[in-house]
$ cat work.csv   # CSV, C-alpha atoms and all ligand atoms
chain,number,residue,atom,x,y,z
A,1,MET,CA,-34.3,95.5,231.2
A,2,SER,CA,-34.0,95.8,235.0
A,3,ALA,CA,-36.1,94.3,237.8
A,4,THR,CA,-36.6,97.7,239.4
A,5,GLU,CA,-39.0,98.7,236.6
A,6,TYR,CA,-41.5,96.3,238.3
A,7,PRO,CA,-43.1,96.7,241.7
A,8,ARG,CA,-41.8,94.2,244.3
A,9,LEU,CA,-44.5,91.8,245.4
A,10,ASP,CA,-44.8,89.9,248.7
A,11,VAL,CA,-46.8,87.1,247.3
A,12,ILE,CA,-47.5,85.7,243.8
A,13,ALA,CA,-50.2,83.0,243.1
A,14,VAL,CA,-49.7,81.1,239.9
A,15,GLY,CA,-52.6,79.4,238.1
A,16,ALA,CA,-52.9,77.6,234.8
A,17,HIS,CA,-56.1,79.4,233.8
A,18,PRO,CA,-57.8,82.6,234.8
A,19,ASP,CA,-60.1,81.6,237.7
A,20,ASP,CA,-57.9,78.9,239.1
A,21,VAL,CA,-56.4,81.0,241.9
A,22,GLU,CA,-59.7,82.7,242.7
A,23,ILE,CA,-61.3,79.3,243.4
A,24,ALA,CA,-58.3,77.9,245.2
A,25,CYS,CA,-57.1,80.8,247.3
A,26,GLY,CA,-59.0,84.0,246.4
A,27,GLY,CA,-60.0,84.5,250.0
A,28,THR,CA,-56.4,84.4,251.1
A,29,LEU,CA,-55.2,86.8,248.4
A,30,ALA,CA,-58.0,89.3,249.3
A,31,GLN,CA,-57.0,88.9,253.0
A,32,LEU,CA,-53.3,89.6,252.3
A,33,VAL,CA,-54.3,92.7,250.3
A,34,ARG,CA,-56.4,93.9,253.3
A,35,GLN,CA,-53.4,93.3,255.6
A,36,GLY,CA,-51.3,95.6,253.4
A,37,TYR,CA,-49.2,93.1,251.4
A,38,GLN,CA,-48.4,93.5,247.7
A,39,VAL,CA,-50.0,90.6,245.9
A,40,GLY,CA,-49.9,89.4,242.3
A,41,ILE,CA,-51.5,86.7,240.1
A,42,ILE,CA,-49.9,85.0,237.2
A,43,ASP,CA,-52.0,83.0,234.8
A,44,LEU,CA,-49.9,80.8,232.6
A,45,THR,CA,-52.6,80.7,229.8
A,46,ASP,CA,-55.5,82.8,228.7
A,47,GLY,CA,-57.8,79.8,229.5
A,48,GLU,CA,-59.3,79.9,226.0
A,49,PRO,CA,-61.1,78.2,224.2
A,50,THR,CA,-63.8,77.2,226.7
A,51,PRO,CA,-67.3,76.0,225.8
A,52,ASN,CA,-69.4,79.1,226.8
A,53,SER,CA,-67.0,82.0,226.2
A,54,PRO,CA,-67.2,84.1,223.1
A,55,GLY,CA,-63.4,84.5,223.1
A,56,PRO,CA,-60.2,85.5,224.8
A,57,GLU,CA,-61.0,89.2,225.0
A,58,VAL,CA,-64.1,88.5,227.1
A,59,ARG,CA,-62.2,86.1,229.3
A,60,PHE,CA,-59.4,88.6,229.8
A,61,ALA,CA,-61.9,91.3,230.8
A,62,GLU,CA,-63.3,88.8,233.4
A,63,ALA,CA,-59.9,88.1,234.8
A,64,GLN,CA,-59.2,91.9,235.1
A,65,LYS,CA,-62.5,92.4,236.9
A,66,ALA,CA,-61.8,89.5,239.3
A,67,ALA,CA,-58.3,90.9,240.1
A,68,ALA,CA,-59.9,94.3,240.9
A,69,THR,CA,-62.5,92.5,243.1
A,70,LEU,CA,-59.7,90.8,245.1
A,71,GLY,CA,-57.7,94.1,245.1
A,72,VAL,CA,-54.4,92.5,243.9
A,73,GLN,CA,-51.9,94.9,242.6
A,74,VAL,CA,-50.7,93.0,239.6
A,75,ARG,CA,-52.2,90.3,237.2
A,76,VAL,CA,-50.0,88.9,234.5
A,77,GLN,CA,-51.3,86.6,231.7
A,78,LEU,CA,-48.6,84.6,229.9
A,79,ASP,CA,-49.3,83.2,226.4
A,80,LEU,CA,-48.7,79.6,227.0
A,81,PRO,CA,-51.3,77.4,225.3
A,82,ASN,CA,-54.5,76.4,227.1
A,83,ARG,CA,-55.3,72.6,226.9
A,84,ARG,CA,-51.8,72.0,225.6
A,85,LEU,CA,-49.8,73.3,228.6
A,86,PHE,CA,-46.7,71.3,229.2
A,87,ASP,CA,-43.7,71.5,231.5
A,88,THR,CA,-41.1,72.6,229.0
A,89,PHE,CA,-37.8,74.5,229.4
A,90,GLU,CA,-39.4,77.5,227.7
A,91,ALA,CA,-42.4,77.6,230.0
A,92,ARG,CA,-40.2,77.3,233.1
A,93,VAL,CA,-38.0,80.2,231.9
A,94,MET,CA,-41.1,82.3,231.0
A,95,LEU,CA,-42.4,82.0,234.5
A,96,ALA,CA,-39.0,82.4,236.2
A,97,LYS,CA,-38.6,85.7,234.4
A,98,GLU,CA,-41.8,86.9,236.0
A,99,PHE,CA,-40.5,85.9,239.4
A,100,ARG,CA,-37.2,87.7,238.7
A,101,LYS,CA,-39.2,90.8,237.7
A,102,TYR,CA,-41.6,90.9,240.7
A,103,ARG,CA,-39.3,89.3,243.3
A,104,PRO,CA,-41.9,87.7,245.6
A,105,ARG,CA,-41.1,86.3,249.0
A,106,LEU,CA,-43.8,83.7,248.8
A,107,VAL,CA,-45.3,81.7,245.8
A,108,LEU,CA,-48.6,79.9,246.0
A,109,GLY,CA,-49.0,77.2,243.3
A,110,PHE,CA,-50.9,74.1,242.3
A,111,GLY,CA,-50.2,71.2,244.7
A,112,ASP,CA,-51.9,68.2,243.1
A,113,LYS,CA,-53.4,66.6,240.0
A,114,THR,CA,-57.1,67.3,239.2
A,115,PRO,CA,-58.4,64.0,237.7
A,116,LEU,CA,-61.4,64.5,235.5
A,117,ALA,CA,-60.5,68.2,235.1
A,118,SER,CA,-57.8,69.9,233.1
A,119,PRO,CA,-54.4,68.2,232.9
A,120,ASP,CA,-52.9,71.7,232.6
A,121,HIS,CA,-53.1,72.0,236.4
A,122,TRP,CA,-50.6,69.3,237.0
A,123,GLN,CA,-48.3,70.7,234.3
A,124,ALA,CA,-48.7,74.1,236.0
A,125,MET,CA,-47.4,72.6,239.2
A,126,GLN,CA,-44.3,71.2,237.5
A,127,ILE,CA,-43.7,74.5,235.8
A,128,THR,CA,-44.1,76.5,239.0
A,129,ASP,CA,-41.8,74.2,241.0
A,130,ALA,CA,-39.1,74.5,238.4
A,131,ALA,CA,-39.5,78.3,237.8
A,132,ILE,CA,-39.0,78.9,241.6
A,133,PHE,CA,-35.6,77.1,241.2
A,134,TYR,CA,-34.7,78.8,237.9
A,135,ALA,CA,-35.4,82.2,239.4
A,136,ARG,CA,-32.3,82.0,241.6
A,137,LEU,CA,-29.8,80.3,239.3
A,138,THR,CA,-26.7,82.3,238.6
A,139,LYS,CA,-24.5,82.0,235.5
A,140,TRP,CA,-27.5,81.6,233.3
A,141,ASP,CA,-28.3,85.3,232.4
A,142,GLU,CA,-28.6,84.6,228.7
A,143,TYR,CA,-32.0,82.9,229.2
A,144,PHE,CA,-33.4,85.7,231.4
A,145,ASP,CA,-32.9,88.9,229.5
A,146,GLY,CA,-30.3,90.0,232.0
A,147,LEU,CA,-32.9,90.1,234.8
A,148,PRO,CA,-31.1,89.6,238.2
A,149,VAL,CA,-31.5,86.4,240.1
A,150,HIS,CA,-34.1,86.2,242.8
A,151,THR,CA,-34.5,83.7,245.7
A,152,ILE,CA,-38.0,82.9,246.7
A,153,SER,CA,-38.1,82.2,250.5
A,154,ALA,CA,-41.3,80.2,250.7
A,155,HIS,CA,-43.6,78.0,248.5
A,156,LEU,CA,-47.0,76.7,249.5
A,157,TYR,CA,-49.3,74.5,247.5
A,158,TYR,CA,-53.0,75.2,247.1
A,159,SER,CA,-55.6,72.7,246.1
A,160,LEU,CA,-58.6,72.8,243.8
A,161,GLY,CA,-59.6,69.4,245.3
A,162,PHE,CA,-63.4,69.1,245.4
A,163,GLY,CA,-63.3,65.4,244.5
A,164,ASN,CA,-61.1,64.0,247.3
A,165,LEU,CA,-61.4,63.8,251.0
A,166,GLN,CA,-57.6,63.5,251.4
A,167,LEU,CA,-55.4,66.5,252.0
A,168,PRO,CA,-52.7,66.8,249.4
A,169,GLU,CA,-49.4,65.2,250.2
A,170,GLY,CA,-46.8,67.4,251.8
A,171,ALA,CA,-44.8,68.2,254.9
A,172,GLY,CA,-47.5,70.2,256.7
A,173,HIS,CA,-50.9,71.7,256.3
A,174,LEU,CA,-52.2,75.1,257.4
A,175,VAL,CA,-55.5,77.0,257.1
A,176,VAL,CA,-55.7,80.7,256.4
A,177,ASP,CA,-58.7,82.4,258.0
A,178,ILE,CA,-60.8,83.9,255.2
A,179,SER,CA,-63.9,84.6,257.3
A,180,GLU,CA,-63.7,88.3,256.3
A,181,THR,CA,-63.0,87.7,252.6
A,182,LEU,CA,-65.1,84.6,251.7
A,183,GLN,CA,-67.7,86.9,250.1
A,184,THR,CA,-65.0,88.7,248.2
A,185,LYS,CA,-63.7,85.4,246.9
A,186,LEU,CA,-67.2,84.4,245.8
A,187,ASP,CA,-67.6,87.8,244.1
A,188,ALA,CA,-64.3,87.3,242.3
A,189,VAL,CA,-65.3,83.9,241.0
A,190,ARG,CA,-68.6,85.3,239.9
A,191,CYS,CA,-66.7,87.7,237.6
A,192,TYR,CA,-66.1,84.7,235.3
A,193,ALA,CA,-69.7,84.8,234.0
A,194,THR,CA,-68.7,82.7,230.9
A,195,GLN,CA,-67.5,79.9,233.2
A,196,PHE,CA,-69.9,79.8,236.1
A,197,ALA,CA,-72.7,82.2,236.3
A,198,ASN,CA,-75.9,80.5,235.0
A,199,VAL,CA,-73.8,77.7,233.6
A,200,LYS,CA,-72.5,76.1,236.8
A,201,GLU,CA,-74.3,78.0,239.6
A,202,PHE,CA,-73.6,75.1,241.9
A,203,ILE,CA,-70.0,76.0,242.1
A,204,PHE,CA,-70.6,78.8,244.5
A,205,GLU,CA,-72.3,76.6,247.1
A,206,ARG,CA,-69.4,74.1,246.8
A,207,ILE,CA,-66.8,76.8,247.3
A,208,ARG,CA,-68.7,78.2,250.3
A,209,ALA,CA,-69.1,74.7,251.8
A,210,ALA,CA,-65.4,73.8,251.3
A,211,ALA,CA,-64.3,77.1,252.9
A,212,MET,CA,-66.6,76.5,255.9
A,213,HIS,CA,-65.3,72.9,256.2
A,214,ASP,CA,-61.7,73.9,256.0
A,215,GLY,CA,-62.1,76.9,258.3
A,216,THR,CA,-63.9,74.9,261.0
A,217,ALA,CA,-61.0,72.6,261.2
A,218,ALA,CA,-58.9,75.5,262.5
A,219,GLY,CA,-61.6,77.3,264.5
A,220,TYR,CA,-62.5,79.9,261.9
A,221,ASP,CA,-65.8,80.5,260.1
A,222,ALA,CA,-64.1,80.0,256.8
A,223,GLY,CA,-60.7,79.0,255.6
A,224,GLU,CA,-58.4,77.9,252.8
A,225,VAL,CA,-56.0,75.0,253.1
A,226,PHE,CA,-52.4,75.2,252.0
A,227,THR,CA,-49.7,72.5,252.0
A,228,SER,CA,-46.2,73.4,252.9
A,229,THR,CA,-43.5,71.9,250.8
A,230,ARG,CA,-41.3,71.8,253.8
A,231,THR,CA,-42.0,70.9,257.4
A,232,LEU,CA,-43.1,74.1,259.2
A,233,GLY,CA,-40.9,75.3,262.0
A,234,THR,CA,-40.7,78.1,264.5
A,235,ARG,CA,-38.2,79.7,266.8
A,236,ASP,CA,-40.9,81.4,268.8
A,237,LEU,CA,-43.7,79.0,269.7
A,238,VAL,CA,-45.9,81.6,271.4
A,239,HIS,CA,-45.7,83.9,268.4
A,240,PHE,CA,-46.4,81.0,266.1
A,241,LEU,CA,-49.5,79.9,268.0
A,242,PHE,CA,-50.9,83.3,269.0
A,243,GLY,CA,-49.4,85.8,266.6
A,244,GLN,CA,-48.1,88.0,269.5
A,245,ALA,CA,-44.8,89.3,270.7
A,246,PRO,CA,-43.4,89.1,274.3
A,247,GLY,CA,-45.2,91.6,276.5
A,248,ASP,CA,-48.5,91.5,274.6
A,249,GLU,CA,-51.7,90.7,276.5
A,250,PRO,CA,-52.3,86.9,276.5
A,251,ARG,CA,-54.7,85.9,273.8
A,252,LYS,CA,-56.6,82.7,273.4
A,253,PRO,CA,-56.0,80.5,270.3
A,254,PRO,CA,-58.5,80.9,267.6
A,255,VAL,CA,-60.6,77.9,268.7
A,256,ARG,CA,-64.2,78.6,269.6
B,301,ZN,ZN,-58.0,75.6,235.6
$ encode --input "work.csv" --output "structure tokens" --more "lines below"
Ligand SMILES: [Zn+2]
Amino acid sequence: MSATEYPRLDVIAVGAHPDDVEIACGGTLAQLVRQGYQVGIIDLTDGEPTPNSPGPEVRFAEAQKAAATLGVQVRVQLDLPNRRLFDTFEARVMLAKEFRKYRPRLVLGFGDKTPLASPDHWQAMQITDAAIFYARLTKWDEYFDGLPVHTISAHLYYSLGFGNLQLPEGAGHLVVDISETLQTKLDAVRCYATQFANVKEFIFERIRAAAMHDGTAAGYDAGEVFTSTRTLGTRDLVHFLFGQAPGDEPRKPPVR
């Protein structure tokens, strides 16, 4: 098997269950696609069983529809067990293989526990952290079907946190402007009819409110928060602040 059989992706978002990444960072994924980047989603489990779903086939179809709504190029579903997800060697290797296949520059993953919700989320964070490391380890080919090593350059944490006013711990927070893709995000979450539509209709107002709150903090109509695992730095302060190169017309920062 060779990595070149798989399309190279710029960004991969990893969730424990189908719908995790849509809720946490669906607006950002849709925005990245609009900007021309290659984007993928990896669900560690099929998310089943759940109370109102008739079965994994229906849930899988919902996930495919949500991926199409966001416009992402690849969605992979691993067969690790829902509700019994644990950070094991085998789970780490399974995810690291996907990183070696699709060779992303940036990985978005869980950044905190979700008390009162699924403990799979915390395990997914541990698995993702480890798999990013495993993806680049040499002299270990026997565990990775001969897939070549791949070094991931950046790793950001996302948050599902509706139940906490604190930002997740980390070395820096940033907000991605999802003003143009908030509706796409909501449409993608709505694809999970067995999880939310009719059953938990309130979730859509909460997602919208959280996006407006987070976006406002950075001067946008809507946003999604990420936590950098490392302190963010720049060699070009003007480009960092204004997204422009030397010689471009001066632009104001995005504060209204
Ligand atoms: Zn979940």
$ atom_distance --input "work.csv" --atom1 "atom CA of Phe133 of chain A" --atom2 "atom CA of Phe99 of chain A"
10.2 Å
$ residues_around --input "work.csv" --residues "segment 187-195 of chain A" --least-positions-apart "3" --cutoff "10 Å" --atoms "all atoms listed in the file" --output "compact mmCIF listing (two decimals) with C-alpha atoms, in the coordinates of the input"
# COMPACT_ATOMS: atom_id res chain seq x y z
CA PRO A 18 -57.80 82.60 234.80
CA ASP A 19 -60.10 81.60 237.70
CA ASP A 20 -57.90 78.90 239.10
CA VAL A 21 -56.40 81.00 241.90
CA GLU A 22 -59.70 82.70 242.70
CA ILE A 23 -61.30 79.30 243.40
CA GLY A 26 -59.00 84.00 246.40
CA GLY A 27 -60.00 84.50 250.00
CA ALA A 30 -58.00 89.30 249.30
CA THR A 50 -63.80 77.20 226.70
CA PRO A 51 -67.30 76.00 225.80
CA ASN A 52 -69.40 79.10 226.80
CA SER A 53 -67.00 82.00 226.20
CA PRO A 54 -67.20 84.10 223.10
CA GLY A 55 -63.40 84.50 223.10
CA VAL A 58 -64.10 88.50 227.10
CA ARG A 59 -62.20 86.10 229.30
CA PHE A 60 -59.40 88.60 229.80
CA ALA A 61 -61.90 91.30 230.80
CA GLU A 62 -63.30 88.80 233.40
CA ALA A 63 -59.90 88.10 234.80
CA GLN A 64 -59.20 91.90 235.10
CA LYS A 65 -62.50 92.40 236.90
CA ALA A 66 -61.80 89.50 239.30
CA ALA A 67 -58.30 90.90 240.10
CA ALA A 68 -59.90 94.30 240.90
CA THR A 69 -62.50 92.50 243.10
CA LEU A 70 -59.70 90.80 245.10
CA GLY A 71 -57.70 94.10 245.10
CA THR A 181 -63.00 87.70 252.60
CA LEU A 182 -65.10 84.60 251.70
CA GLN A 183 -67.70 86.90 250.10
CA THR A 184 -65.00 88.70 248.20
CA ASN A 198 -75.90 80.50 235.00
CA VAL A 199 -73.80 77.70 233.60
CA LYS A 200 -72.50 76.10 236.80
CA GLU A 201 -74.30 78.00 239.60
CA ILE A 203 -70.00 76.00 242.10
CA PHE A 204 -70.60 78.80 244.50
CA ILE A 207 -66.80 76.80 247.30
$ closest_residue --input "work.csv" --among "A:Ala24, A:Leu156, A:Val93, A:Val238" --to "Val107 of chain A" --atoms "only C-alpha atoms"
A:Leu156
$ closest_residue --input "work.csv" --among "A:Leu160, A:Val176, A:Ile152, A:Ala91" --to "Asp221 of chain A" --atoms "only C-alpha atoms"
A:Val176
$ atom_distance --input "work.csv" --atom1 "atom CA of Arg84 of chain A" --atom2 "atom CA of His155 of chain A"
25.1 Å
$ atom_distance --input "work.csv" --atom1 "atom CA of Phe226 of chain A" --atom2 "atom CA of Arg105 of chain A"
16.1 Å
$ residues_near_point --input "work.csv" --point "(-35.6, 76.5, 240.0)" --cutoff "12 Å" --atoms "all atoms listed in the file" --output "PDB file with C-alpha atoms, keeping the file's coordinate frame"
ATOM      1  CA  PHE A  89     -37.800  74.500 229.400  1.00  0.00           C
ATOM      2  CA  ARG A  92     -40.200  77.300 233.100  1.00  0.00           C
ATOM      3  CA  VAL A  93     -38.000  80.200 231.900  1.00  0.00           C
ATOM      4  CA  LEU A  95     -42.400  82.000 234.500  1.00  0.00           C
ATOM      5  CA  ALA A  96     -39.000  82.400 236.200  1.00  0.00           C
ATOM      6  CA  LYS A  97     -38.600  85.700 234.400  1.00  0.00           C
ATOM      7  CA  PHE A  99     -40.500  85.900 239.400  1.00  0.00           C
ATOM      8  CA  ARG A 100     -37.200  87.700 238.700  1.00  0.00           C
ATOM      9  CA  GLN A 126     -44.300  71.200 237.500  1.00  0.00           C
ATOM     10  CA  ILE A 127     -43.700  74.500 235.800  1.00  0.00           C
ATOM     11  CA  THR A 128     -44.100  76.500 239.000  1.00  0.00           C
ATOM     12  CA  ASP A 129     -41.800  74.200 241.000  1.00  0.00           C
ATOM     13  CA  ALA A 130     -39.100  74.500 238.400  1.00  0.00           C
ATOM     14  CA  ALA A 131     -39.500  78.300 237.800  1.00  0.00           C
ATOM     15  CA  ILE A 132     -39.000  78.900 241.600  1.00  0.00           C
ATOM     16  CA  PHE A 133     -35.600  77.100 241.200  1.00  0.00           C
ATOM     17  CA  TYR A 134     -34.700  78.800 237.900  1.00  0.00           C
ATOM     18  CA  ALA A 135     -35.400  82.200 239.400  1.00  0.00           C
ATOM     19  CA  ARG A 136     -32.300  82.000 241.600  1.00  0.00           C
ATOM     20  CA  LEU A 137     -29.800  80.300 239.300  1.00  0.00           C
ATOM     21  CA  THR A 138     -26.700  82.300 238.600  1.00  0.00           C
ATOM     22  CA  TRP A 140     -27.500  81.600 233.300  1.00  0.00           C
ATOM     23  CA  VAL A 149     -31.500  86.400 240.100  1.00  0.00           C
ATOM     24  CA  HIS A 150     -34.100  86.200 242.800  1.00  0.00           C
ATOM     25  CA  THR A 151     -34.500  83.700 245.700  1.00  0.00           C
ATOM     26  CA  ILE A 152     -38.000  82.900 246.700  1.00  0.00           C
ATOM     27  CA  HIS A 155     -43.600  78.000 248.500  1.00  0.00           C
TER      28      HIS A 155
END
$ residues_around --input "work.csv" --residues "Lys101 of chain A" --least-positions-apart "4" --cutoff "12 Å" --atoms "only C-alpha atoms" --output "list in words"
Met1, Ser2, Ala3, Thr4, Glu5, Tyr6, Pro7, Arg8, Leu9, Ile12, Gly40, Val74, Val76, Met94, Leu95, Ala96, Lys97, Ala135, Arg136, Phe144, Asp145, Gly146, Leu147, Pro148, Val149, His150 and Thr151 of chain A
$ residues_near_ligand --input "work.csv" --ligand "ligand ZN 301 (chain B)" --cutoff "8 Å" --atoms "all atoms listed in the file" --output "list in words"
Gly15, Ala16, His17, Pro18, Asp19, Asp20, Gly47, Ala117, Ser118, Asp120 and His121 of chain A
$ residues_near_point --input "work.csv" --point "(-49.6, 79.6, 246.3)" --cutoff "6 Å" --atoms "only C-alpha atoms" --output "short mmCIF file (atom, residue, chain, number, x, y, z; two decimals) with C-alpha atoms, in the coordinates of the input"
data_model
loop_
_atom_site.label_atom_id
_atom_site.label_comp_id
_atom_site.auth_asym_id
_atom_site.auth_seq_id
_atom_site.Cartn_x
_atom_site.Cartn_y
_atom_site.Cartn_z
CA ALA A 13 -50.20 83.00 243.10
CA VAL A 107 -45.30 81.70 245.80
CA LEU A 108 -48.60 79.90 246.00
CA GLY A 109 -49.00 77.20 243.30
CA LEU A 156 -47.00 76.70 249.50
CA TYR A 157 -49.30 74.50 247.50
CA TYR A 158 -53.00 75.20 247.10
#
$ closest_residue --input "work.csv" --among "A:Leu232, A:Glu142, A:Gln73, A:Ser153" --to "Leu32 of chain A" --atoms "all atoms listed in the file"
A:Gln73
$ closest_residue --input "work.csv" --among "A:Gly219, A:Gln31, A:Gln123, A:Ser228" --to "Thr88 of chain A" --atoms "only C-alpha atoms"
A:Gln123
$ decode --input "work.csv" --residues "segment 4-16 of chain A" --atoms "N, CA and C atoms" --output "compact mmCIF listing (two decimals), in the first residue's frame"
# COMPACT_ATOMS: atom_id res chain seq x y z
N THR A 4 0.39 7.47 -1.80
CA THR A 4 -0.02 8.26 -2.96
C THR A 4 -1.35 7.79 -3.55
N GLU A 5 -1.86 6.63 -3.08
CA GLU A 5 -3.19 6.21 -3.50
C GLU A 5 -4.27 7.10 -2.92
N TYR A 6 -3.90 7.89 -1.92
CA TYR A 6 -4.88 8.71 -1.21
C TYR A 6 -4.63 10.19 -1.51
N PRO A 7 -5.70 10.99 -1.64
CA PRO A 7 -5.51 12.42 -1.89
C PRO A 7 -4.88 13.09 -0.68
N ARG A 8 -3.95 14.00 -0.93
CA ARG A 8 -3.34 14.72 0.18
C ARG A 8 -4.31 15.79 0.67
N LEU A 9 -4.52 15.83 1.98
CA LEU A 9 -5.44 16.80 2.57
C LEU A 9 -4.66 17.88 3.31
N ASP A 10 -5.19 19.09 3.31
CA ASP A 10 -4.58 20.17 4.09
C ASP A 10 -4.95 20.05 5.57
N VAL A 11 -6.20 19.70 5.80
CA VAL A 11 -6.73 19.69 7.17
C VAL A 11 -7.55 18.43 7.40
N ILE A 12 -7.37 17.80 8.57
CA ILE A 12 -8.25 16.71 9.00
C ILE A 12 -8.81 17.07 10.38
N ALA A 13 -10.13 16.97 10.52
CA ALA A 13 -10.77 17.13 11.82
C ALA A 13 -11.18 15.74 12.31
N VAL A 14 -10.84 15.44 13.57
CA VAL A 14 -11.12 14.11 14.13
C VAL A 14 -12.20 14.24 15.20
N GLY A 15 -13.23 13.39 15.09
CA GLY A 15 -14.27 13.34 16.11
C GLY A 15 -14.42 11.93 16.65
N ALA A 16 -15.06 11.81 17.81
CA ALA A 16 -15.36 10.48 18.34
C ALA A 16 -16.56 9.88 17.60
